[in-house]
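*Asks:* Would you mind keeping the following structure in view while I ask a few things?
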Protein chains: 2
Amino acid sequence: MDWRRVLFGRPLKDREETGRKVIVWQGLAVLAPDALSSVAYGTQEILIVLYAAGAAALWYSLPISAVIVLLLAFLVYNYRQIITAYPNGGGAYVIGRDTIGPWTGVLAGTALLIDYTLTVAVSVTAGVAALVSAFPMLLPWTVPISVAFTLFIMIVNLRGVKESAQLFMGPTYLFIIMVLIMAVWGLIKPDALAKPYHAFIAPSPLAIVAPLLILRAFSSGSSALTGVEAISNGVPIFKDPAPRRARATLLLLGLFLGAMFLGTSLVAYRYGITPNNQVTVLQQIAAHLFGRGVFFYLLSFVTMAILAIAANTSFTGFPQLASIMARDQWMPRMFLSRGDRLVYQNGILVLGSFAILLIIVFHGSTDALIPLYAVGVYMSFTIAMASLVKKRWREPDAPNRTLTIVTGTLGALLTAAVVVIAIITKFTEGAWIVVVAIPLLILSFRATRRHYQMVADNLRLNDLTIKPVAKKLVVVVPLASINRMTMATISTALSMNPDELIALHISTSREREHIVMERWNRWNPDPRIKFVSIQSQYRSVLRPMVRYIDHLTNLFAPGRVLVVIPELVVGKPWQNLLHNHMAFALEAILVFRREVSVTVVPYHLPDKPDAGGEVKT
Amino acid sequence: MDWRRVLFGRPLKDREETGRKVIVWQGLAVLAPDALSSVAYGTQEILIVLYAAGAAALWYSLPISAVIVLLLAFLVYNYRQIITAYPNGGGAYVIGRDTIGPWTGVLAGTALLIDYTLTVAVSVTAGVAALVSAFPMLLPWTVPISVAFTLFIMIVNLRGVKESAQLFMGPTYLFIIMVLIMAVWGLIKPDALAKPYHAFIAPSPLAIVAPLLILRAFSSGSSALTGVEAISNGVPIFKDPAPRRARATLLLLGLFLGAMFLGTSLVAYRYGITPNNQVTVLQQIAAHLFGRGVFFYLLSFVTMAILAIAANTSFTGFPQLASIMARDQWMPRMFLSRGDRLVYQNGILVLGSFAILLIIVFHGSTDALIPLYAVGVYMSFTIAMASLVKKRWREPDAPNRTLTIVTGTLGALLTAAVVVIAIITKFTEGAWIVVVAIPLLILSFRATRRHYQMVADNLRLNDLTIKPVAKKLVVVVPLASINRMTMATISTALSMNPDELIALHISTSREREHIVMERWNRWNPDPRIKFVSIQSQYRSVLRPMVRYIDHLTNLFAPGRVLVVIPELVVGKPWQNLLHNHMAFALEAILVFRREVSVTVVPYHLPDKPDAGGEVKT
């Protein structure tokens, strides 16, 4: 159908795959926005927690930011090694599975799948919320706009990864450049009102802060690192040599992210910026440096865009991860199939649908979901780094072994701490949902795998000396009247050379039965056919038909009963409303019977040009 | 399934039909509420229009009411004869069709079907609006309550007509009794403040009213008679002798309706009641007569109930009329089928769905729909009476011929006047919708009938000397791997004794192809089978499969190609998500090919007890 081409582009052949892959700067545009958008609120999250203890406490944002950047360095260092070890992607899931055990992998995978879904809902609605606060007349349309934008990202991703890279590159790089300009100029601009540089060294003696508050500020600020894992999951989207390109992208991401985050924190401290509800920390910095002019408004707009685009990262991560977990039979087989545009379209569709569901259920205000967020990613961070440490422990000759073990252990401990703090401090705010959802999902993954294994056990044919044998064939042709369709159907039935051929008429009145029988006898199409007529007591034709077929199945066991039934094919879709589609209705019932098959014989009306349906995968 | 029994009751046999029919006092409870509820606003509608010309003008409500009651008498007199002439129901549609012509009948039927749908939406929301004004905290739930109530009436009607009679009898008769008490006591109660009886005779000299205003008041007030036609459409719901019972019901309805409406108008005039937004005219009368006590609140409650129950009448009228029009092939065949509970369940479901759609689209405030209302019913009144006049004109010996012709002609003229006035004065308020909808529906009915006739022409088999002949049979068995399911499918295929038997493997990789081919050669199940393997370039398995089948169809023409494909039947519904259902997907595509049939061979996993689907329909 033509609209599919317009929306998604022409079908791609397998050998066109290479041309669909991305290089470093495109990969960054696809996989970085999630992490980059975290900069838009990372520093702010820290300041909000600290500000509760007074303005003097804000100094602690500096060491906290430093620790977070150090953690970022650990993550980048470790994940680059994971990419080398698992060049087909899968990140924490694969390394957890192979190093610690299948259930550890499933735990990491589950946490990430939940996180990707939340990311889409939260990013889109955060972007739309920013848009709405700029144009308040859009307020009543928050949910429809969010849904429409999610659908838009979905369609772009169904076209292909490369298309999404091209589309979202502009805002991504513009955001990086603008924040870096602010970080550099904010630190070196001569300004009498700014704090002197020596104030950065030690806290004011007034700042007495409970250690728990510092931990909470650290935990909140660490949301700045969510999204760093996406590259390790999406290695296969890169052109060969994919692992090398993925590693380079991750390094670049780490450098940009670290500089932007640390810069923002330092500049915010230098200008004594305090969090408030109206203007974000980034906007306050822009206003300080350049006034409320073009830069300020452009930054606001680009921030809005990067928030919304962050959802795009999930649309790469989720389908890749789901396909890897489906290959291991934890998830339905459909996540393995790649459609016309060489993307895992079912993963994209399922992710989009769940995100839209979340947006609708939460009426477009997904603040409630933000607490849930960090738990999943940090769980996967912990598993990934712990697995890498275990792996290296067993490899005495690995390069940089000691450094990896030290940074990996420290990183795993830090990220585990974030998980524990986030679950404890935000349990009632919503973290309990993740704590409930993860085990439920894992149970359903287990059920899926068990089912596939049960099916495989049942279908397995080891003994190839067993051969299929023909059985006695009993063909039943249901008929409502004697017409050309009846003739075509009986002709097909006769072609099968059945052992028994029964024409079955179910009538709802004596008169009708009489007419059909009389006409049948006059026609007398073939001596091999036995005519059976049954009266229905319940107006329903299907019920007595099925009962009679059950009777035949018992009578002729172990033979096979085959129902051959015509389906009238009409020329225009609306005309389907005018017919009862008995063939499909009967088939839907009889599929639950053993030893009964249904053959649907299409009967075409002549107004139908032999166009036929195009093949949808 | 058990929930169906709980909701709708056990299936009924054909011969239980008699026990499902209603007698006069039950029929009145089912078919009268629509007309009776009109009393709740008929007088009020007249007073609102007249009050625009001052309080003195309200006198004109008396002659206007008298004319409306006269029209009611004409309607009852004429429709009783229509019932006798058409004991199978169908009212205006049938008599219009038989007397004037098929398109006149269709016009009447279309107008009534639209009217029935509007009645459901308007009555339910009017009832819920009354409830909400009593309990304002329900305001935000207006739409859900209306939808829930519509679903409730739908379910009651799916159980059967008798059930709806039993359920809605109480409020119906209580309403009749209370309004009659008010009418009688309101006229005879000695009261110094009431107008003297001689003031009823002639208007005050101050009352100068434009004739157009009187016409508009008459047109608005005539909405009191909507619903009178329902009995003539629903004759078959009565126990034998159905026409006699239906006639008695209509007479009773006419007497009650006339007395209630005229009484209300007279009492309203006697107490000088003026319309206002807070309290209805009926409530004002009750307050005048009995104070704001028990009677007042009971009346308010019963009025609310009768408004909502009015919808029930449509749930009898619409399915009956739709079934009669479907028998004439104007409407889809599905409206003809009666389900387990001997009701036309598809008519009930379609009516309910459209009404719910209207309620949702108009956000539960269906005032906008009220203007559309009278147009449809009065169109059918005009057609019914004009048809009866024409019929009697050609029957010189019919009893009461002259009286029928006089009252019918007068009645038809009056009702035609109401249609014209309503369309003109309410065109921009919404009557245009009916003016647009009626032709559109008629066009779709015409298309339906043409389609059925085209199908019948194509299927007709006049020459019974033509016999079905067996054709060459080419069977294709698609297989993804060699397993027990493959074996069962090939066994079925072998039972058909095909002329050609092809095992078709579509592979997405060279390695896979190699494995399957090698295993096939080792197995070598039957020398008659030809193994064909095709490489897919597009990952899709269906596309190359269909292309190969098209190729076979051309190659072996005029033989028949039969695709025999297994469908894995799982034990639990959720497990269907884990499989791709290739059989049904292939069938949905191949049904559009000529000379290709599909046989679906169910393969049951052993965890499935041989329960099987219960037969629905």
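Note on naming: chains are A, B, ... as they come in the structure tokens, residues start from 1 per chain, ligands start from 1 in the order shown.
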Find the residues in chain A near chain B: any atom within 6 Å counts, using only C-alpha atoms. Write them as a PyMOL selection string.

*Replies:* chain A and resi 13-14+332+459-461+464+467-471+483-484+487+491+494-496+523+525+537-538+543+578+589+591-593+597-602+612-613+615+617

*Asks:* Find the spatial neighbours of segment 195-209 of chain B, counting only C-alpha atoms, within a cut-off of 9 Å - ignore same-chain residues fewer than 2 positions away - and output them as a ChimeraX atom specification.

*Replies:* /B:50,53-60,62,191-193,211-214,266,269-272

*Asks:* Based on the selection just made, write N, CA and C atoms of those residues as a PDB file, in the first residue's frame.

*Replies:*
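Below is the file that was written, selection04.pdb:
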ATOM      1  N   LEU B  50     -44.437  30.347  23.846  1.00  0.00           N
ATOM      2  CA  LEU B  50     -45.468  31.395  23.993  1.00  0.00           C
ATOM      3  C   LEU B  50     -45.033  32.505  24.949  1.00  0.00           C
ATOM      4  N   ALA B  53     -43.935  35.953  24.127  1.00  0.00           N
ATOM      5  CA  ALA B  53     -44.870  37.030  23.785  1.00  0.00           C
ATOM      6  C   ALA B  53     -45.620  37.533  25.013  1.00  0.00           C
ATOM      7  N   GLY B  54     -45.179  37.190  26.200  1.00  0.00           N
ATOM      8  CA  GLY B  54     -45.823  37.678  27.421  1.00  0.00           C
ATOM      9  C   GLY B  54     -46.726  36.636  28.048  1.00  0.00           C
ATOM     10  N   ALA B  55     -47.015  36.850  29.356  1.00  0.00           N
ATOM     11  CA  ALA B  55     -47.782  35.874  30.124  1.00  0.00           C
ATOM     12  C   ALA B  55     -49.176  35.684  29.552  1.00  0.00           C
ATOM     13  N   ALA B  56     -49.777  36.753  28.988  1.00  0.00           N
ATOM     14  CA  ALA B  56     -51.140  36.649  28.479  1.00  0.00           C
ATOM     15  C   ALA B  56     -51.208  35.642  27.329  1.00  0.00           C
ATOM     16  N   ALA B  57     -50.130  35.534  26.582  1.00  0.00           N
ATOM     17  CA  ALA B  57     -50.114  34.634  25.422  1.00  0.00           C
ATOM     18  C   ALA B  57     -50.225  33.167  25.831  1.00  0.00           C
ATOM     19  N   LEU B  58     -49.966  32.860  27.120  1.00  0.00           N
ATOM     20  CA  LEU B  58     -49.969  31.465  27.543  1.00  0.00           C
ATOM     21  C   LEU B  58     -51.328  30.810  27.334  1.00  0.00           C
ATOM     22  N   TRP B  59     -52.392  31.608  27.223  1.00  0.00           N
ATOM     23  CA  TRP B  59     -53.731  31.031  26.981  1.00  0.00           C
ATOM     24  C   TRP B  59     -53.709  30.125  25.742  1.00  0.00           C
ATOM     25  N   TYR B  60     -52.907  30.543  24.755  1.00  0.00           N
ATOM     26  CA  TYR B  60     -52.909  29.778  23.505  1.00  0.00           C
ATOM     27  C   TYR B  60     -52.427  28.341  23.695  1.00  0.00           C
ATOM     28  N   LEU B  62     -53.775  26.310  25.488  1.00  0.00           N
ATOM     29  CA  LEU B  62     -54.970  25.460  25.563  1.00  0.00           C
ATOM     30  C   LEU B  62     -55.418  25.005  24.174  1.00  0.00           C
ATOM     31  N   ASP B 191     -59.552  26.366  44.898  1.00  0.00           N
ATOM     32  CA  ASP B 191     -58.358  27.175  45.161  1.00  0.00           C
ATOM     33  C   ASP B 191     -58.662  28.616  44.783  1.00  0.00           C
ATOM     34  N   ALA B 192     -58.560  29.506  45.739  1.00  0.00           N
ATOM     35  CA  ALA B 192     -58.915  30.909  45.513  1.00  0.00           C
ATOM     36  C   ALA B 192     -57.949  31.580  44.536  1.00  0.00           C
ATOM     37  N   LEU B 193     -56.690  31.118  44.547  1.00  0.00           N
ATOM     38  CA  LEU B 193     -55.693  31.780  43.714  1.00  0.00           C
ATOM     39  C   LEU B 193     -55.737  31.314  42.259  1.00  0.00           C
ATOM     40  N   PRO B 211     -49.161  34.711  14.262  1.00  0.00           N
ATOM     41  CA  PRO B 211     -49.517  33.328  13.895  1.00  0.00           C
ATOM     42  C   PRO B 211     -48.286  32.426  13.824  1.00  0.00           C
ATOM     43  N   LEU B 212     -47.162  32.971  13.395  1.00  0.00           N
ATOM     44  CA  LEU B 212     -45.957  32.154  13.288  1.00  0.00           C
ATOM     45  C   LEU B 212     -45.536  31.603  14.642  1.00  0.00           C
ATOM     46  N   LEU B 213     -45.716  32.451  15.686  1.00  0.00           N
ATOM     47  CA  LEU B 213     -45.356  32.016  17.036  1.00  0.00           C
ATOM     48  C   LEU B 213     -46.233  30.832  17.441  1.00  0.00           C
ATOM     49  N   ILE B 214     -47.519  30.916  17.084  1.00  0.00           N
ATOM     50  CA  ILE B 214     -48.433  29.818  17.420  1.00  0.00           C
ATOM     51  C   ILE B 214     -47.998  28.545  16.693  1.00  0.00           C
ATOM     52  N   LEU B 266     -53.906  22.010  31.033  1.00  0.00           N
ATOM     53  CA  LEU B 266     -55.011  22.734  31.680  1.00  0.00           C
ATOM     54  C   LEU B 266     -54.610  23.193  33.082  1.00  0.00           C
ATOM     55  N   TYR B 269     -52.242  26.023  33.066  1.00  0.00           N
ATOM     56  CA  TYR B 269     -52.885  27.308  32.789  1.00  0.00           C
ATOM     57  C   TYR B 269     -53.673  27.789  33.996  1.00  0.00           C
ATOM     58  N   ARG B 270     -54.378  26.842  34.677  1.00  0.00           N
ATOM     59  CA  ARG B 270     -55.212  27.212  35.825  1.00  0.00           C
ATOM     60  C   ARG B 270     -54.381  27.907  36.906  1.00  0.00           C
ATOM     61  N   TYR B 271     -53.158  27.438  37.102  1.00  0.00           N
ATOM     62  CA  TYR B 271     -52.335  28.025  38.166  1.00  0.00           C
ATOM     63  C   TYR B 271     -51.371  29.083  37.645  1.00  0.00           C
ATOM     64  N   GLY B 272     -51.565  29.456  36.361  1.00  0.00           N
ATOM     65  CA  GLY B 272     -50.716  30.511  35.780  1.00  0.00           C
ATOM     66  C   GLY B 272     -49.231  30.184  35.836  1.00  0.00           C
TER      67      GLY B 272
END

*Asks:* Write out as a PyMOL selection string each polymer residue whose atoms come within 10 Å of segment 246-248 of chain B, counting only C-alpha atoms; drop sequence neighbours fewer than 3 positions from it.

*Replies:* chain B and resi 22-25+27-28+76-77+79-84+87+89+231-243+251-254

*Asks:* Deliver the residues from the most recent selection as a file, using N, CA and C atoms, as an mmCIF file, in the first residue's frame.

*Replies:*
data_model
loop_
_atom_site.group_PDB
_atom_site.id
_atom_site.type_symbol
_atom_site.label_atom_id
_atom_site.label_comp_id
_atom_site.auth_asym_id
_atom_site.auth_seq_id
_atom_site.Cartn_x
_atom_site.Cartn_y
_atom_site.Cartn_z
ATOM 1 N N VAL B 22 -44.861 -10.812 25.180
ATOM 2 C CA VAL B 22 -45.465 -10.015 26.251
ATOM 3 C C VAL B 22 -46.964 -9.848 26.025
ATOM 4 N N ILE B 23 -47.673 -9.524 27.136
ATOM 5 C CA ILE B 23 -49.096 -9.210 27.019
ATOM 6 C C ILE B 23 -49.243 -7.693 27.172
ATOM 7 N N VAL B 24 -50.501 -7.217 27.147
ATOM 8 C CA VAL B 24 -50.728 -5.777 27.007
ATOM 9 C C VAL B 24 -50.002 -4.929 28.049
ATOM 10 N N TRP B 25 -50.179 -5.273 29.332
ATOM 11 C CA TRP B 25 -49.632 -4.367 30.348
ATOM 12 C C TRP B 25 -48.107 -4.407 30.377
ATOM 13 N N GLY B 27 -46.366 -4.956 27.469
ATOM 14 C CA GLY B 27 -46.026 -4.241 26.230
ATOM 15 C C GLY B 27 -46.054 -2.741 26.459
ATOM 16 N N LEU B 28 -47.013 -2.307 27.243
ATOM 17 C CA LEU B 28 -47.101 -0.877 27.522
ATOM 18 C C LEU B 28 -45.842 -0.403 28.252
ATOM 19 N N VAL B 76 -53.592 7.478 16.706
ATOM 20 C CA VAL B 76 -53.972 6.207 17.314
ATOM 21 C C VAL B 76 -54.959 5.480 16.405
ATOM 22 N N TYR B 77 -55.934 6.228 15.903
ATOM 23 C CA TYR B 77 -56.964 5.633 15.048
ATOM 24 C C TYR B 77 -56.313 5.021 13.801
ATOM 25 N N TYR B 79 -52.963 4.308 13.212
ATOM 26 C CA TYR B 79 -51.941 3.278 13.459
ATOM 27 C C TYR B 79 -52.565 1.954 13.896
ATOM 28 N N ARG B 80 -53.729 2.011 14.544
ATOM 29 C CA ARG B 80 -54.402 0.752 14.890
ATOM 30 C C ARG B 80 -54.792 -0.014 13.637
ATOM 31 N N GLN B 81 -55.173 0.715 12.608
ATOM 32 C CA GLN B 81 -55.503 0.047 11.344
ATOM 33 C C GLN B 81 -54.237 -0.488 10.664
ATOM 34 N N ILE B 82 -53.142 0.266 10.801
ATOM 35 C CA ILE B 82 -51.876 -0.197 10.209
ATOM 36 C C ILE B 82 -51.443 -1.502 10.873
ATOM 37 N N ILE B 83 -51.635 -1.575 12.191
ATOM 38 C CA ILE B 83 -51.273 -2.807 12.903
ATOM 39 C C ILE B 83 -52.069 -3.991 12.359
ATOM 40 N N THR B 84 -53.369 -3.777 12.152
ATOM 41 C CA THR B 84 -54.201 -4.852 11.617
ATOM 42 C C THR B 84 -53.700 -5.273 10.232
ATOM 43 N N PRO B 87 -49.558 -7.248 10.513
ATOM 44 C CA PRO B 87 -49.415 -7.885 11.837
ATOM 45 C C PRO B 87 -47.978 -8.295 12.143
ATOM 46 N N GLY B 89 -45.488 -6.185 12.026
ATOM 47 C CA GLY B 89 -44.760 -4.982 12.407
ATOM 48 C C GLY B 89 -44.150 -4.282 11.218
ATOM 49 N N ILE B 231 -45.219 1.142 18.866
ATOM 50 C CA ILE B 231 -46.012 -0.099 18.972
ATOM 51 C C ILE B 231 -46.218 -0.734 17.599
ATOM 52 N N SER B 232 -46.459 0.116 16.570
ATOM 53 C CA SER B 232 -46.710 -0.445 15.235
ATOM 54 C C SER B 232 -45.473 -1.139 14.681
ATOM 55 N N ASN B 233 -44.283 -0.707 15.102
ATOM 56 C CA ASN B 233 -43.063 -1.368 14.645
ATOM 57 C C ASN B 233 -42.814 -2.676 15.384
ATOM 58 N N GLY B 234 -43.291 -2.729 16.637
ATOM 59 C CA GLY B 234 -42.913 -3.849 17.493
ATOM 60 C C GLY B 234 -44.002 -4.885 17.685
ATOM 61 N N VAL B 235 -44.948 -4.985 16.765
ATOM 62 C CA VAL B 235 -46.060 -5.944 16.940
ATOM 63 C C VAL B 235 -45.567 -7.350 17.297
ATOM 64 N N PRO B 236 -44.488 -7.856 16.645
ATOM 65 C CA PRO B 236 -44.112 -9.264 16.910
ATOM 66 C C PRO B 236 -43.686 -9.546 18.342
ATOM 67 N N ILE B 237 -43.489 -8.534 19.165
ATOM 68 C CA ILE B 237 -43.088 -8.864 20.542
ATOM 69 C C ILE B 237 -44.277 -9.323 21.373
ATOM 70 N N PHE B 238 -45.512 -9.159 20.861
ATOM 71 C CA PHE B 238 -46.691 -9.535 21.654
ATOM 72 C C PHE B 238 -47.030 -11.008 21.474
ATOM 73 N N LYS B 239 -47.639 -11.549 22.518
ATOM 74 C CA LYS B 239 -48.200 -12.913 22.470
ATOM 75 C C LYS B 239 -49.364 -12.916 21.494
ATOM 76 N N ASP B 240 -49.651 -14.084 20.900
ATOM 77 C CA ASP B 240 -50.808 -14.192 20.003
ATOM 78 C C ASP B 240 -52.091 -13.997 20.780
ATOM 79 N N PRO B 241 -53.132 -13.401 20.229
ATOM 80 C CA PRO B 241 -53.139 -12.740 18.924
ATOM 81 C C PRO B 241 -52.423 -11.389 19.001
ATOM 82 N N ALA B 242 -51.247 -11.327 18.407
ATOM 83 C CA ALA B 242 -50.395 -10.154 18.562
ATOM 84 C C ALA B 242 -51.063 -8.857 18.088
ATOM 85 N N PRO B 243 -51.681 -8.822 16.895
ATOM 86 C CA PRO B 243 -52.228 -7.539 16.451
ATOM 87 C C PRO B 243 -53.300 -7.005 17.405
ATOM 88 N N LEU B 251 -54.243 1.782 22.069
ATOM 89 C CA LEU B 251 -55.397 2.543 22.542
ATOM 90 C C LEU B 251 -55.161 3.031 23.966
ATOM 91 N N LEU B 252 -54.678 2.132 24.807
ATOM 92 C CA LEU B 252 -54.388 2.499 26.198
ATOM 93 C C LEU B 252 -53.358 3.629 26.246
ATOM 94 N N LEU B 253 -52.306 3.470 25.441
ATOM 95 C CA LEU B 253 -51.265 4.490 25.408
ATOM 96 C C LEU B 253 -51.868 5.830 25.021
ATOM 97 N N GLY B 254 -52.754 5.814 23.975
ATOM 98 C CA GLY B 254 -53.365 7.058 23.514
ATOM 99 C C GLY B 254 -54.187 7.703 24.615
#

*Asks:* Pull the helix (DSSP H, G or I) assignments for segment 294-534 of chain B out of DSSP run on the backbone, and list those residues as a PyMOL selection string.

*Replies:* chain B and resi 294-327+333-336+345-361+366-393+401-425+427-459+484-495+510-523

*Asks:* My list of candidates is B:Trp432, B:Phe152, B:Phe362, B:Phe318. Which is closest to Leu113 of chain B when distances are computed with only C-alpha atoms?

*Replies:*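 Ranked by minimum distance to Leu113 of chain B, first place goes to B:Phe318.
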
*Asks:* Separation of atom CA of Tyr116 of chain B and atom CA of Tyr41 of chain B, in Å?

*Replies:*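 Taking atom CA of Tyr116 of chain B as the start and atom CA of Tyr41 of chain B as the end point, the length is 18.1 Å.
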